[in-house]
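Here is the structure we will look at, set down as structure tokens.
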Amino acid sequence: MREEFIKLKEFIDQEMGSRSSIQVLEAGCGSISHLHFDREIHLVGIDISKKQLQQNTDLDESILGDIQYYSFSPAIFDIVVCVDVLEHLPKPELALLNFANSAKTNGLIVLKLPNVLSLKGLATKFLPHFLHILAYRYLKSKRKSVSRSEAAPFKTYLKFSTAPNAIRRFAFQNGLSVVYFDTYDITATDWLLRKRPAHAVYRLLKAVFRFISFGHINDSEFILVLKKVANR
Ligand SMILES: C[S@@+](CC[C@H](N)C(=O)[O-])C[C@H]1O[C@@H](n2cnc3c(N)ncnc32)[C@H](O)[C@@H]1O
């Protein structure tokens with residue numbers, strides 16, 4: 001597990017305190033679940049892709065549905081986890097509202113996604129999808145099939161409403177508080193480190209962008225945890 005996820009897991013474990021059994025929703029669960037907990041959990045996964053859901057053997061319950069529109073019962077989850085999904089939604093704020101509604105009071109919403117205000121984020125947002133596929137093929141060249149709907153790279157919108165400050169504003173307006181924030185960069189991932197030319201070019205461009213934006217354009221990934229402090 002990545003160092004950032006180990007730190008995050010420790011934080012979540014602390015927040016869950018003495019709760020022995022927890023209800024967890026993995027939103028856009030894909031085919032594997034990244035977070036594992038040292039307590040009894042009931043893991044519900046929702047994904048828009050039947051194929052991804054069928055491959056996910058971690059789930060206790062699976063829902064084929066769209067996290068922007070699916071109607072969850074209110075206040076049922078201790079934790080909602082959403083890893084690398086909000087960037088693929090045309091209306092991420094609807095999914096965030098859904099998460100806020102389905103989380104219990106004092107429940108957590110754990111988000112991990114690329115920062116649109118980063119070199120990778122801006123390139124992903126403004127370059128056409130076929131270039132994402134070519135870049136993905138080059139960087140993860142062991143993977144043979146890259147289809148449009150069922151396998152990565154999934155269509156990406158990366159709305160500005162998913163930038164960290166926009167999510168902070170959303171939290172403030174919707175009875176949530178930001179209790180955890182961390183960032184890291186894809187330069188620290190093994191597969192990019194193995195591609196030396198791409199790694200060197202990326203690091204150089206990142207340094208240039210960070211300099212000309214006075215530090216505002218920086219790490220490519222962030223983790224943000226929201227806590228539901230009030231019933232809306
Ligand atoms: C990049 S994958 C991430 C999967 C998993 N969370 C992970 O970290 O490995 C994005 C996932 O979001 C799912 N997805 C995309 N749009 C969705 C939507 N509107 N509702 C539910 N799932 C969606 C895709 O099918 C895919 O499984």
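Every chain in the structure tokens has a letter given in the order shown (A, B, ...), and although residue numbers restart at 1 in each chain, ligands are simply numbered from 1 in the order shown.
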What does the list of residues within 7 Å of ligand 1 look like if you count only C-alpha atoms and all ligand atoms, written as a ChimeraX atom specification?
/A:27-34,46-49,52,65-68,82-85,88-89,150,152,154
At a cut-off of 12 Å, can you tabulate as a tab-separated table every residue of range 70-112 of chain A near range 54-64 of chain A together with its closest atom pair and the distance in Å to one decimal, using only C-alpha atoms and ordering rows by chain then number?
residue	atom	partner	partner_atom	distance
A:Tyr70	CA	A:Leu64	CA	9.3
A:Ser71	CA	A:Ile63	CA	11.1
A:Phe72	CA	A:Ile63	CA	10.5
Using N, CA and C atoms, can you export the residues from the last selection as a PDB file, in the first residue's frame?
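Saved as part-v3.pdb:
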ATOM      1  N   TYR A  70     -27.914   7.861  -8.190  1.00  0.00           N
ATOM      2  CA  TYR A  70     -28.461   6.752  -7.411  1.00  0.00           C
ATOM      3  C   TYR A  70     -29.036   7.281  -6.099  1.00  0.00           C
ATOM      4  N   SER A  71     -30.191   6.741  -5.736  1.00  0.00           N
ATOM      5  CA  SER A  71     -30.838   7.243  -4.516  1.00  0.00           C
ATOM      6  C   SER A  71     -30.521   6.314  -3.332  1.00  0.00           C
ATOM      7  N   PHE A  72     -29.526   6.699  -2.527  1.00  0.00           N
ATOM      8  CA  PHE A  72     -29.169   5.915  -1.337  1.00  0.00           C
ATOM      9  C   PHE A  72     -30.122   6.284  -0.198  1.00  0.00           C
TER      10      PHE A  72
END
Can you tell me, as a count of residues only, what residues are no more than 12 Å from range 196-212 of chain A when counting only C-alpha atoms, ignoring any on the same chain fewer than 6 positions away?
21
Using only C-alpha atoms, which protein or nucleic acid residues come within 7 Å of Leu158 in chain A? Drop anything in the same chain fewer than 6 positions from it, and give the result as a ChimeraX atom specification.
/A:87-88,116,125
So which bits of range 14-230 of chain A end up strand (DSSP E or B) when you DSSP the backbone, as a PyMOL selection string?
chain A and resi 21-27+40-47+61-64+77-83+103-114+118+176-184+218+221-228
Can you tell me, as a JSON list (two decimals) with C-alpha atoms, in the first residue's frame, what residues are no more than 12 Å from Thr105 in chain A when counting only C-alpha atoms, ignoring any on the same chain fewer than 5 positions away?
[["chain", "number", "residue", "atom", "x", "y", "z"],
["A", 74, "PRO", "CA", -30.13, 8.72, 4.08],
["A", 75, "ALA", "CA", -27.49, 8.47, 6.83],
["A", 76, "ILE", "CA", -26.55, 4.80, 6.43],
["A", 77, "PHE", "CA", -22.78, 4.76, 5.89],
["A", 78, "ASP", "CA", -20.01, 5.29, 8.46],
["A", 79, "ILE", "CA", -17.55, 5.84, 5.61],
["A", 99, "PHE", "CA", -22.31, 11.07, -0.38],
["A", 100, "ALA", "CA", -23.19, 13.81, 2.14],
["A", 175, "GLY", "CA", -22.64, 20.65, 6.82],
["A", 176, "LEU", "CA", -19.29, 18.95, 6.29],
["A", 177, "SER", "CA", -15.88, 19.82, 7.66],
["A", 226, "LEU", "CA", -14.82, 15.31, 4.94],
["A", 227, "LYS", "CA", -16.73, 14.69, 8.15],
["A", 228, "LYS", "CA", -20.48, 15.11, 8.37],
["A", 229, "VAL", "CA", -20.91, 17.38, 11.34],
["A", 230, "ALA", "CA", -24.57, 18.30, 10.88],
["A", 231, "ASN", "CA", -27.71, 16.79, 9.43],
["A", 232, "ARG", "CA", -28.70, 18.91, 6.46]]
Distance in Å - CA of Tyr180 in chain A versus CA of Val225 in chain A
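Answer for the CA of Tyr180 in chain A to CA of Val225 in chain A separation: 4.9 Å.
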Just the helix (DSSP H, G or I) stuff from range 5-139 of chain A, please, per backbone DSSP, written as a PDB file with C-alpha atoms, in the first residue's frame.
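To be explicit, this is the file written out as result_29.pdb:
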ATOM      1  CA  PHE A   5      -2.817   5.356   2.030  1.00  0.00           C
ATOM      2  CA  ILE A   6      -1.187   3.897   5.166  1.00  0.00           C
ATOM      3  CA  LYS A   7      -1.341   7.350   6.824  1.00  0.00           C
ATOM      4  CA  LEU A   8      -4.924   7.774   5.671  1.00  0.00           C
ATOM      5  CA  LYS A   9      -5.941   4.368   7.004  1.00  0.00           C
ATOM      6  CA  GLU A  10      -4.429   5.211  10.412  1.00  0.00           C
ATOM      7  CA  PHE A  11      -6.417   8.449  10.464  1.00  0.00           C
ATOM      8  CA  ILE A  12      -9.674   6.685   9.536  1.00  0.00           C
ATOM      9  CA  ASP A  13      -9.093   3.972  12.147  1.00  0.00           C
ATOM     10  CA  GLN A  14      -8.645   6.666  14.804  1.00  0.00           C
ATOM     11  CA  GLU A  15     -11.801   8.470  13.682  1.00  0.00           C
ATOM     12  CA  MET A  16     -13.859   5.274  13.810  1.00  0.00           C
ATOM     13  CA  LYS A  50     -21.122  -4.283 -14.673  1.00  0.00           C
ATOM     14  CA  LYS A  51     -17.801  -5.776 -15.730  1.00  0.00           C
ATOM     15  CA  GLN A  52     -15.848  -3.880 -13.038  1.00  0.00           C
ATOM     16  CA  LEU A  53     -18.404  -4.872 -10.375  1.00  0.00           C
ATOM     17  CA  GLN A  54     -18.280  -8.542 -11.360  1.00  0.00           C
ATOM     18  CA  GLN A  55     -14.486  -8.541 -10.996  1.00  0.00           C
ATOM     19  CA  LEU A  86     -14.931  12.204  -9.318  1.00  0.00           C
ATOM     20  CA  GLU A  87     -12.709  13.246 -12.220  1.00  0.00           C
ATOM     21  CA  HIS A  88     -14.765  10.983 -14.510  1.00  0.00           C
ATOM     22  CA  PRO A  92     -19.328  15.612  -9.548  1.00  0.00           C
ATOM     23  CA  GLU A  93     -21.251  17.933  -7.198  1.00  0.00           C
ATOM     24  CA  LEU A  94     -24.301  15.616  -7.501  1.00  0.00           C
ATOM     25  CA  ALA A  95     -22.177  12.679  -6.354  1.00  0.00           C
ATOM     26  CA  LEU A  96     -20.794  14.750  -3.463  1.00  0.00           C
ATOM     27  CA  LEU A  97     -24.338  15.676  -2.395  1.00  0.00           C
ATOM     28  CA  ASN A  98     -25.291  12.013  -2.585  1.00  0.00           C
ATOM     29  CA  PHE A  99     -22.308  11.073  -0.380  1.00  0.00           C
ATOM     30  CA  ALA A 100     -23.190  13.811   2.140  1.00  0.00           C
ATOM     31  CA  ASN A 101     -26.759  12.552   2.294  1.00  0.00           C
ATOM     32  CA  SER A 102     -25.873   8.875   2.678  1.00  0.00           C
ATOM     33  CA  LEU A 119       0.289  19.913 -14.637  1.00  0.00           C
ATOM     34  CA  LYS A 120      -1.195  16.441 -15.024  1.00  0.00           C
ATOM     35  CA  GLY A 121      -4.702  17.741 -14.231  1.00  0.00           C
ATOM     36  CA  LEU A 122      -4.628  20.570 -16.762  1.00  0.00           C
ATOM     37  CA  ALA A 123      -3.082  18.355 -19.455  1.00  0.00           C
ATOM     38  CA  THR A 124      -5.725  15.682 -18.821  1.00  0.00           C
ATOM     39  CA  LYS A 125      -8.528  18.219 -18.885  1.00  0.00           C
ATOM     40  CA  PHE A 126      -7.521  19.989 -22.072  1.00  0.00           C
ATOM     41  CA  HIS A 129      -9.129  11.587 -25.048  1.00  0.00           C
ATOM     42  CA  PHE A 130      -7.169   9.731 -27.765  1.00  0.00           C
ATOM     43  CA  LEU A 131      -3.979  11.346 -26.413  1.00  0.00           C
ATOM     44  CA  HIS A 132      -4.856  10.015 -22.918  1.00  0.00           C
ATOM     45  CA  ILE A 133      -5.085   6.547 -24.455  1.00  0.00           C
ATOM     46  CA  LEU A 134      -1.717   6.922 -26.213  1.00  0.00           C
ATOM     47  CA  ALA A 135      -0.055   8.266 -23.045  1.00  0.00           C
ATOM     48  CA  TYR A 136      -1.637   5.494 -20.996  1.00  0.00           C
ATOM     49  CA  ARG A 137      -0.380   2.868 -23.464  1.00  0.00           C
ATOM     50  CA  TYR A 138       3.131   4.302 -23.316  1.00  0.00           C
ATOM     51  CA  LEU A 139       3.296   4.674 -19.536  1.00  0.00           C
TER      52      LEU A 139
END
From the set A:Gly215, A:Thr183, A:Thr156, A:Glu40, which residue has the shortest atom-to-atom contact distance to Ser18 in chain A, counting only C-alpha atoms?
A:Glu40
Quick one: pull the distance between CA of Leu127 in chain A and CA of Asp182 in chain A, Å, one decimal.
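Spanning CA of Leu127 in chain A to CA of Asp182 in chain A is a straight-line distance of 26.3 Å.
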Pick out the closest residue to Val178 in chain A from this set: A:Asn115, A:Ile41, A:Asn106, A:Glu4. Count only C-alpha atoms.
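Checking each of A:Asn115, A:Ile41, A:Asn106, A:Glu4 against Val178 in chain A, counting only C-alpha atoms, the winner is A:Asn106.
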Taking only C-alpha atoms into account, which of A:Gln173, A:Gly17, A:Leu25, A:Pro90 comes nearest Phe160 in chain A?
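Looking only at the distances to Phe160 in chain A, the closest residue turns out to be A:Pro90.
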Nearest to Leu108 in chain A, chosen from A:Lys91, A:Val179, A:Gly45, A:Asn174, with only C-alpha atoms counted in the distances:
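The answer is A:Val179, which sits nearest to Leu108 in chain A.
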